[in-house]
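This is run.cif. It holds mmCIF, C-alpha atoms.
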data_my_file
#
loop_
_atom_site.label_atom_id
_atom_site.label_comp_id
_atom_site.auth_asym_id
_atom_site.auth_seq_id
_atom_site.Cartn_x
_atom_site.Cartn_y
_atom_site.Cartn_z
CA MET A 14 120.71 34.26 53.93
CA ARG A 15 120.24 36.14 50.67
CA LYS A 16 117.21 38.46 50.54
CA ILE A 17 115.19 38.14 47.32
CA LYS A 18 112.22 39.96 45.92
CA HIS A 19 109.70 37.18 45.31
CA GLY A 20 109.76 35.46 48.69
CA ARG A 21 112.20 34.46 51.37
CA LEU A 22 114.55 31.54 50.84
CA VAL A 23 113.16 29.42 53.64
CA SER A 24 112.44 25.77 52.96
CA GLY A 25 108.78 24.90 53.27
CA ARG A 26 107.39 28.43 53.18
CA THR A 27 104.11 28.64 51.29
CA ASP A 28 104.70 32.25 50.15
CA ALA A 29 108.08 31.67 48.51
CA CYS A 30 108.56 31.81 44.75
CA ARG A 31 109.59 28.39 43.45
CA LEU A 32 109.48 25.82 40.67
CA LYS A 33 108.65 22.37 42.01
CA LEU A 34 108.87 18.95 40.37
CA ASP A 35 106.92 16.09 41.96
CA HIS A 36 107.40 12.48 40.80
CA VAL A 37 108.12 13.48 37.20
CA SER A 38 108.70 10.60 34.76
CA VAL A 39 109.37 10.65 31.02
CA ASN A 40 109.09 7.70 28.64
CA LEU A 41 110.32 8.09 25.06
CA ASP A 42 109.80 5.33 22.48
CA ASN A 43 109.07 2.83 25.26
CA THR A 44 112.32 3.72 27.02
CA GLN A 45 112.24 5.17 30.53
CA ILE A 46 114.41 8.30 30.47
CA LEU A 47 113.36 9.92 33.75
CA SER A 48 111.77 8.17 36.70
CA ASP A 49 110.11 9.71 39.76
CA VAL A 50 112.14 12.96 39.71
CA SER A 51 111.36 15.36 42.58
CA PHE A 52 113.10 18.57 43.71
CA GLN A 53 112.48 22.34 43.75
CA LEU A 54 114.19 25.56 42.61
CA ASN A 55 113.70 28.69 44.68
CA CYS A 56 113.80 32.10 43.05
CA GLY A 57 117.22 33.66 43.39
CA GLU A 58 119.04 30.33 43.53
CA ILE A 59 121.54 28.64 41.22
CA VAL A 60 120.87 24.90 41.07
CA ALA A 61 123.32 22.65 39.22
CA LEU A 62 122.26 19.40 37.55
CA ILE A 63 125.00 16.78 37.29
CA GLY A 64 125.11 13.20 36.11
CA PRO A 65 126.83 10.90 33.60
CA ASN A 66 126.20 11.05 29.85
CA GLY A 67 122.77 9.61 29.10
CA ALA A 68 121.47 10.37 32.59
CA GLY A 69 118.52 12.38 31.23
CA LYS A 70 119.77 15.90 31.97
CA SER A 71 118.82 17.44 28.60
CA THR A 72 115.52 15.54 28.70
CA LEU A 73 114.74 17.07 32.08
CA LEU A 74 115.40 20.58 30.78
CA ARG A 75 113.22 19.96 27.73
CA THR A 76 110.46 18.64 29.99
CA ILE A 77 110.49 21.82 32.09
CA LEU A 78 110.35 23.79 28.83
CA GLY A 79 107.15 21.95 27.94
CA GLN A 80 108.63 20.15 24.92
CA LEU A 81 108.02 16.61 26.22
CA ASP A 82 105.07 14.79 27.73
CA TYR A 83 105.49 13.60 31.29
CA THR A 84 103.67 12.11 34.25
CA GLY A 85 103.78 13.66 37.70
CA SER A 86 103.59 17.42 38.14
CA ILE A 87 105.69 20.52 37.49
CA THR A 88 104.30 23.54 39.32
CA PHE A 89 105.28 27.17 39.66
CA SER A 90 104.44 29.20 42.76
CA PRO A 91 104.50 33.00 42.49
CA ALA A 92 105.30 34.63 45.83
CA GLY A 93 102.24 34.67 48.05
CA ALA A 94 100.02 33.03 45.42
CA PRO A 95 98.77 29.48 44.87
CA ALA A 96 100.88 27.10 42.80
CA PHE A 97 99.73 26.15 39.32
CA ARG A 98 100.81 23.38 37.01
CA LEU A 99 102.94 24.31 34.00
CA GLY A 100 100.99 23.69 30.83
CA ASP A 101 97.66 24.54 32.46
CA PRO A 102 95.83 26.71 29.85
CA THR A 103 93.73 28.34 32.58
CA ALA A 104 96.84 29.87 34.22
CA LYS A 105 98.03 32.08 31.36
CA SER A 106 98.02 35.27 33.39
CA THR A 107 100.56 33.90 35.86
CA ARG A 108 102.51 31.57 33.58
CA PRO A 109 106.25 31.96 34.31
CA LEU A 110 108.65 33.13 31.64
CA VAL A 111 111.35 30.55 30.97
CA GLY A 112 114.63 31.49 29.30
CA TYR A 113 116.73 28.76 27.68
CA VAL A 114 120.36 28.58 26.60
CA PRO A 115 120.99 25.41 24.53
CA GLN A 116 124.31 23.64 24.15
CA SER A 117 126.52 25.90 22.04
CA PRO A 118 125.52 25.84 18.37
CA SER A 119 128.29 26.05 15.78
CA PHE A 120 128.72 28.91 13.31
CA ASP A 121 130.80 28.91 10.15
CA ARG A 122 133.94 30.99 10.68
CA GLY A 123 133.33 32.69 7.35
CA ASP A 124 129.66 33.46 8.00
CA PRO A 125 129.15 37.25 7.78
CA VAL A 126 126.15 37.25 10.14
CA THR A 127 126.95 39.60 13.02
CA VAL A 128 125.77 39.49 16.60
CA LEU A 129 123.47 42.41 15.77
CA ASP A 130 121.98 40.53 12.78
CA PHE A 131 121.48 37.39 14.86
CA PHE A 132 119.96 39.22 17.82
CA THR A 133 117.59 41.31 15.69
CA ALA A 134 116.38 38.27 13.73
CA ALA A 135 115.74 36.37 16.96
CA THR A 136 113.92 39.11 18.88
CA CYS A 137 111.74 40.93 16.35
CA ARG A 138 110.01 40.56 12.97
CA TRP A 139 112.22 43.04 11.17
CA PRO A 140 112.94 41.74 7.62
CA VAL A 141 116.55 40.55 7.44
CA TRP A 142 117.14 42.22 4.06
CA LEU A 143 116.41 45.72 5.38
CA PRO A 144 118.96 47.91 7.18
CA ILE A 145 118.70 47.63 10.95
CA THR A 146 117.27 50.78 12.51
CA LYS A 147 118.94 52.81 15.25
CA ALA A 148 116.16 51.80 17.64
CA LEU A 149 116.70 48.08 17.03
CA ARG A 150 120.45 48.52 17.39
CA ALA A 151 119.95 50.33 20.69
CA LYS A 152 117.66 47.56 21.93
CA ALA A 153 120.21 44.83 21.05
CA GLU A 154 122.99 46.82 22.69
CA ALA A 155 120.93 47.27 25.86
CA CYS A 156 120.21 43.53 26.01
CA LEU A 157 123.87 42.65 25.52
CA SER A 158 124.83 45.12 28.24
CA ARG A 159 123.00 42.91 30.75
CA VAL A 160 125.82 40.40 30.28
CA HIS A 161 128.56 43.00 29.70
CA ALA A 162 128.85 42.01 26.03
CA GLN A 163 127.83 45.17 24.18
CA GLU A 164 131.28 45.35 22.58
CA LEU A 165 130.40 42.19 20.63
CA LEU A 166 127.52 43.85 18.77
CA ASP A 167 129.26 44.10 15.38
CA ARG A 168 131.36 40.93 15.63
CA PRO A 169 130.65 38.02 13.25
CA MET A 170 129.00 35.13 15.07
CA GLY A 171 131.57 32.71 13.66
CA ALA A 172 134.45 34.72 15.16
CA LEU A 173 133.23 34.50 18.76
CA SER A 174 135.03 32.42 21.35
CA GLY A 175 133.07 29.83 23.32
CA GLY A 176 132.65 32.20 26.26
CA GLN A 177 131.61 35.11 24.04
CA LEU A 178 129.01 32.96 22.26
CA GLN A 179 127.57 31.89 25.60
CA ARG A 180 127.21 35.55 26.58
CA VAL A 181 125.30 36.33 23.40
CA LEU A 182 122.98 33.34 23.89
CA LEU A 183 122.51 34.31 27.52
CA ALA A 184 121.56 37.88 26.54
CA LEU A 185 119.01 36.44 24.12
CA ALA A 186 117.54 34.19 26.83
CA LEU A 187 117.15 37.24 29.08
CA GLU A 188 114.96 39.12 26.59
CA PRO A 189 112.51 39.48 28.19
CA VAL A 190 113.90 38.75 31.67
CA PRO A 191 112.44 35.35 32.69
CA HIS A 192 111.45 33.90 36.04
CA ILE A 193 113.44 30.72 35.33
CA LEU A 194 116.65 30.40 33.32
CA LEU A 195 117.67 26.98 32.00
CA LEU A 196 121.18 26.36 30.64
CA ASP A 197 122.27 23.12 28.98
CA GLU A 198 126.02 22.59 29.49
CA PRO A 199 126.90 26.31 29.35
CA LEU A 200 130.54 25.63 30.31
CA SER A 201 131.16 23.19 27.45
CA GLY A 202 133.86 24.51 25.11
CA VAL A 203 134.68 27.43 27.43
CA ASP A 204 138.19 27.89 28.81
CA ALA A 205 138.91 28.26 32.55
CA GLU A 206 138.83 32.07 32.50
CA GLY A 207 135.65 32.04 30.43
CA GLU A 208 134.05 29.62 32.92
CA ARG A 209 134.83 31.94 35.83
CA GLN A 210 133.47 34.96 33.99
CA LEU A 211 130.29 33.15 32.97
CA MET A 212 129.60 31.84 36.47
CA ASP A 213 130.28 35.29 37.95
CA MET A 214 127.79 36.63 35.42
CA LEU A 215 125.12 34.10 36.42
CA ASP A 216 125.72 34.90 40.08
CA GLU A 217 125.20 38.59 39.32
CA LEU A 218 122.07 37.96 37.25
CA ARG A 219 120.32 35.77 39.81
CA SER A 220 120.79 38.47 42.44
CA GLN A 221 119.89 41.38 40.15
CA TYR A 222 116.76 39.82 38.63
CA ASP A 223 115.83 37.33 41.36
CA LEU A 224 115.47 34.46 38.92
CA SER A 225 115.91 30.71 39.34
CA ILE A 226 118.92 29.42 37.41
CA PHE A 227 119.05 25.71 36.59
CA LEU A 228 122.10 24.52 34.67
CA SER A 229 123.47 21.15 33.68
CA THR A 230 127.22 20.75 33.86
CA HIS A 231 130.14 18.32 33.90
CA ASP A 232 132.40 20.87 35.58
CA PHE A 233 132.34 20.11 39.28
CA ALA A 234 135.13 22.54 40.25
CA THR A 235 132.82 25.58 40.26
CA LEU A 236 129.91 24.03 42.16
CA GLU A 237 130.90 24.74 45.76
CA ARG A 238 131.53 28.41 44.97
CA TYR A 239 128.41 29.13 42.90
CA ALA A 240 125.66 26.52 43.37
CA ASP A 241 123.13 26.80 46.17
CA GLN A 242 122.03 23.25 45.50
CA VAL A 243 123.23 20.31 43.39
CA VAL A 244 120.97 17.63 41.93
CA LEU A 245 122.67 14.33 41.06
CA LEU A 246 120.65 12.60 38.34
CA ASP A 247 120.90 9.21 36.67
CA GLU A 248 117.37 8.57 35.35
CA ARG A 249 116.18 9.36 38.88
CA VAL A 250 117.42 11.78 41.51
CA LEU A 251 120.16 10.05 43.48
CA ARG A 252 121.08 12.91 45.79
CA THR A 253 120.31 16.60 46.34
CA GLY A 254 121.87 19.13 48.66
CA PRO A 255 124.79 21.53 49.01
CA ALA A 256 127.64 20.90 46.57
CA GLY A 257 130.08 19.71 49.21
CA GLU A 258 127.66 17.08 50.51
CA VAL A 259 126.69 15.78 47.06
CA LEU A 260 130.28 15.63 45.76
CA ALA A 261 131.39 13.71 48.87
CA SER A 262 128.44 11.31 48.84
CA PRO A 263 128.62 7.56 48.12
CA GLU A 264 126.05 8.09 45.35
CA PHE A 265 128.40 10.51 43.56
CA TYR A 266 131.35 8.12 43.76
CA ARG A 267 129.28 5.16 42.55
CA THR A 268 127.71 7.11 39.69
CA PHE A 269 131.04 8.31 38.31
CA HIS A 270 132.90 5.07 39.16
CA LEU A 271 135.33 6.82 41.48
CA ARG A 272 137.20 5.31 44.38
CA GLU A 273 135.87 6.72 47.63
CA GLU A 274 138.67 7.72 49.99
CA LYS A 275 138.47 6.29 53.48
CA GLU A 276 139.06 8.54 56.48
CA GLY A 277 142.77 8.70 57.31
CA GLU A 278 143.94 7.51 53.86
CA GLN A 279 146.77 9.42 52.25
#

Show how you would write the structure in this file as structure tokens.
Amino acid sequence: MRKIKHGRLVSGRTDACRLKLDHVSVNLDNTQILSDVSFQLNCGEIVALIGPNGAGKSTLLRTILGQLDYTGSITFSPAGAPAFRLGDPTAKSTRPLVGYVPQSPSFDRGDPVTVLDFFTAATCRWPVWLPITKALRAKAEACLSRVHAQELLDRPMGALSGGQLQRVLLALALEPVPHILLLDEPLSGVDAEGERQLMDMLDELRSQYDLSIFLSTHDFATLERYADQVVLLDERVLRTGPAGEVLASPEFYRTFHLREEKEGEQ
């Protein structure tokens, strides 16, 4: 069992650091998008969210971010402290930091904006028309070094590969280092080697910073190696558990319209 800073990874412990969703439902324009969603993320874990297109995965991430109204409860429990509901204005002193990496935005290949320009504009109020100071450059380089991407500092944003862009966005989401990191389809548009590097990076970050990582993905090949838990969603939670159990479950086969192999079949 992995040892983490905020509390031990033992199911049911009251002193463990966790994000917990209880019976969360979301209705948008009189359409039920999420219904009775319940599960929890422990600090130091990678939890993968899978489901078909239109299952409500992006909606669930936006709900955790506080961008959408919902019924039910979303609570955060610091280690050894009482849980509080996200969005409670009386809990500002213990409100968790949430980092977010959206689905990859597109940049014009001819756009001269560099990674340094982009990072500085996103993390401070420095006027974009002024030269970037040595201190701001050093700060951006230090942030990029968290994801081993400091060599990208002077590259144009439009010239980055899918994997390189994800690293830059990830470095931005880690400034400051959050308690919870949400990633919406981070492997989309990334080649096989880039996928491996990115997942290795997330595995390193969750151990180094003891943060909860919750990512949506359509790439099931990496789940057994990297995910502590998988949540299968299609408006409601159909199955949760270790990757091997979820990927072999009848719910998984029905959801993705796959033929379930019978024991002894070739």

Please, what distance in Å, to one decimal, runs between atom CA of A:Pro115 and atom CA of A:Ser201? 10.8 Å

Please write the residues picked by the PyMOL selection byres ((chain A and resi 164) around 12) on this file as a ChimeraX atom specification. /A:127-129,153-163,165-169,173,177,180-181

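Among the candidate residues A:Cys137, A:Phe120, A:Ser225, A:Thr72, the one lying nearest to A:Lys33 is A:Ser225, with distances computed using only C-alpha atoms.
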
Computed interatomic separation between atom CA of A:Ile63 and atom CA of A:Ser51 (Å): 14.7 Å

Selection under test: the PyMOL selection byres ((chain A and resi 268) around 12); residues as a PyMOL selection string: chain A and resi 63-68+245-252+259-267+269-273

Selected residues written out with C-alpha atoms, as a CSV table (one decimal), in the coordinates of the input:
chain,number,residue,atom,x,y,z
A,63,ILE,CA,125.0,16.8,37.3
A,64,GLY,CA,125.1,13.2,36.1
A,65,PRO,CA,126.8,10.9,33.6
A,66,ASN,CA,126.2,11.0,29.8
A,67,GLY,CA,122.8,9.6,29.1
A,68,ALA,CA,121.5,10.4,32.6
A,245,LEU,CA,122.7,14.3,41.1
A,246,LEU,CA,120.6,12.6,38.3
A,247,ASP,CA,120.9,9.2,36.7
A,248,GLU,CA,117.4,8.6,35.4
A,249,ARG,CA,116.2,9.4,38.9
A,250,VAL,CA,117.4,11.8,41.5
A,251,LEU,CA,120.2,10.0,43.5
A,252,ARG,CA,121.1,12.9,45.8
A,259,VAL,CA,126.7,15.8,47.1
A,260,LEU,CA,130.3,15.6,45.8
A,261,ALA,CA,131.4,13.7,48.9
A,262,SER,CA,128.4,11.3,48.8
A,263,PRO,CA,128.6,7.6,48.1
A,264,GLU,CA,126.0,8.1,45.4
A,265,PHE,CA,128.4,10.5,43.6
A,266,TYR,CA,131.4,8.1,43.8
A,267,ARG,CA,129.3,5.2,42.6
A,269,PHE,CA,131.0,8.3,38.3
A,270,HIS,CA,132.9,5.1,39.2
A,271,LEU,CA,135.3,6.8,41.5
A,272,ARG,CA,137.2,5.3,44.4
A,273,GLU,CA,135.9,6.7,47.6

I need the residue nearest A:Ile77 from this list: A:Gly176, A:Leu195, A:Pro140, A:Arg150. Use only C-alpha atoms for the distance.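 Using only C-alpha atoms, A:Ile77 sits closest to A:Leu195.
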
Explicit residues for the PyMOL selection byres ((chain A and resi 192) around 6) (as a ChimeraX atom specification): /A:109-110,191,193,224

Distance atom CA of A:Cys56-atom CA of A:Leu178, one decimal place?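 Atom-to-atom, atom CA of A:Cys56 and atom CA of A:Leu178 are spaced 25.8 Å apart.
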
Between A:Ala135, A:Val37, A:Ser71, A:Tyr83, which is the closest to A:Thr230 once you count all atoms listed in the file?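 Of the candidates, the smallest distance to A:Thr230 is held by A:Ser71.
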
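With only C-alpha atoms as the atoms that count, the minimum distance from A:Ala186 to the choices A:Asn40, A:Gly254, A:Thr88, A:Thr136 is reached by A:Thr136.
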
Centre and edge lengths of an axis-aligned box around all listed atoms of stretch 137-154 of chain A, with 6 Å added on each side, are to be given in Å to one decimal, as JSON.
{"center_x": 116.5, "center_y": 46.7, "center_z": 13.4, "size_x": 25.0, "size_y": 24.3, "size_z": 30.6}

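Comparing A:Phe131, A:Trp139, A:Phe52, A:Phe227 by their smallest distance to A:Ala184, the closest is A:Phe131 (using all atoms listed in the file).
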
Using all atoms listed in the file, which residues sit within 10 Å of A:Leu218 once same-chain residues fewer than 3 positions away are excluded, as a ChimeraX atom specification? /A:57,159-160,187,190,212-215,221-226

Writing out the chosen residues with C-alpha atoms as an mmCIF file, keeping the file's coordinate frame:
data_model
loop_
_atom_site.group_PDB
_atom_site.id
_atom_site.type_symbol
_atom_site.label_atom_id
_atom_site.label_comp_id
_atom_site.auth_asym_id
_atom_site.auth_seq_id
_atom_site.Cartn_x
_atom_site.Cartn_y
_atom_site.Cartn_z
ATOM 1 C CA GLY A 57 117.220 33.660 43.390
ATOM 2 C CA ARG A 159 123.000 42.910 30.750
ATOM 3 C CA VAL A 160 125.820 40.400 30.280
ATOM 4 C CA LEU A 187 117.150 37.240 29.080
ATOM 5 C CA VAL A 190 113.900 38.750 31.670
ATOM 6 C CA MET A 212 129.600 31.840 36.470
ATOM 7 C CA ASP A 213 130.280 35.290 37.950
ATOM 8 C CA MET A 214 127.790 36.630 35.420
ATOM 9 C CA LEU A 215 125.120 34.100 36.420
ATOM 10 C CA GLN A 221 119.890 41.380 40.150
ATOM 11 C CA TYR A 222 116.760 39.820 38.630
ATOM 12 C CA ASP A 223 115.830 37.330 41.360
ATOM 13 C CA LEU A 224 115.470 34.460 38.920
ATOM 14 C CA SER A 225 115.910 30.710 39.340
ATOM 15 C CA ILE A 226 118.920 29.420 37.410
#

Nearest residue to A:Thr235 out of A:Arg122, A:Ile59, A:Gln116, A:Leu149, using only C-alpha atoms? A:Ile59

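Counting only C-alpha atoms, A:Arg75 has the following residues at most 12 Å away, ignoring those fewer than 2 positions along the same chain: Val39, Leu47, Gly69, Lys70, Ser71, Thr72, Leu73, Ile77, Leu78, Gly79, Gln80, Leu81, Asp82, Tyr83, Val111, Gly112, Tyr113, Val114, Pro115, Leu195, Leu196, Asp197 and Ser229 of chain A.
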
N, CA, C and O atoms are what I want for stretch 223-238 of chain A; can you complete it accordingly and write them as a CSV table (one decimal), in the frame of the given file?
chain,number,residue,atom,x,y,z
A,223,ASP,N,116.6,38.2,40.5
A,223,ASP,CA,115.8,37.3,41.4
A,223,ASP,C,115.2,36.2,40.6
A,223,ASP,O,114.0,35.8,40.8
A,224,LEU,N,116.0,35.6,39.7
A,224,LEU,CA,115.5,34.5,38.9
A,224,LEU,C,116.1,33.1,39.3
A,224,LEU,O,117.2,33.1,39.9
A,225,SER,N,115.4,32.1,39.1
A,225,SER,CA,115.9,30.7,39.3
A,225,SER,C,116.8,30.3,38.2
A,225,SER,O,116.4,30.4,37.0
A,226,ILE,N,118.0,29.9,38.5
A,226,ILE,CA,118.9,29.4,37.4
A,226,ILE,C,119.2,27.9,37.6
A,226,ILE,O,119.6,27.5,38.7
A,227,PHE,N,118.9,27.2,36.6
A,227,PHE,CA,119.0,25.7,36.6
A,227,PHE,C,119.9,25.3,35.4
A,227,PHE,O,119.6,25.5,34.3
A,228,LEU,N,121.1,24.8,35.7
A,228,LEU,CA,122.1,24.5,34.7
A,228,LEU,C,122.6,23.1,34.8
A,228,LEU,O,122.9,22.6,35.9
A,229,SER,N,122.8,22.5,33.7
A,229,SER,CA,123.5,21.2,33.7
A,229,SER,C,124.9,21.4,33.4
A,229,SER,O,125.3,22.3,32.6
A,230,THR,N,125.8,20.6,34.0
A,230,THR,CA,127.2,20.8,33.9
A,230,THR,C,128.0,19.5,34.2
A,230,THR,O,127.5,18.6,35.0
A,231,HIS,N,129.2,19.4,33.6
A,231,HIS,CA,130.1,18.3,33.9
A,231,HIS,C,131.3,18.9,34.6
A,231,HIS,O,132.3,18.2,35.0
A,232,ASP,N,131.3,20.2,34.9
A,232,ASP,CA,132.4,20.9,35.6
A,232,ASP,C,132.1,21.0,37.1
A,232,ASP,O,131.3,21.8,37.5
A,233,PHE,N,132.7,20.1,37.9
A,233,PHE,CA,132.3,20.1,39.3
A,233,PHE,C,133.2,21.1,40.1
A,233,PHE,O,132.8,21.4,41.2
A,234,ALA,N,134.2,21.7,39.5
A,234,ALA,CA,135.1,22.5,40.2
A,234,ALA,C,134.5,23.8,40.7
A,234,ALA,O,134.9,24.4,41.7
A,235,THR,N,133.5,24.3,40.0
A,235,THR,CA,132.8,25.6,40.3
A,235,THR,C,131.6,25.4,41.2
A,235,THR,O,131.1,26.4,41.6
A,236,LEU,N,131.2,24.2,41.5
A,236,LEU,CA,129.9,24.0,42.2
A,236,LEU,C,129.9,24.6,43.6
A,236,LEU,O,128.9,25.2,44.0
A,237,GLU,N,130.9,24.3,44.4
A,237,GLU,CA,130.9,24.7,45.8
A,237,GLU,C,130.9,26.3,45.9
A,237,GLU,O,130.3,26.8,46.8
A,238,ARG,N,131.5,26.9,44.9
A,238,ARG,CA,131.5,28.4,45.0
A,238,ARG,C,130.2,29.0,44.5
A,238,ARG,O,129.8,30.1,45.1
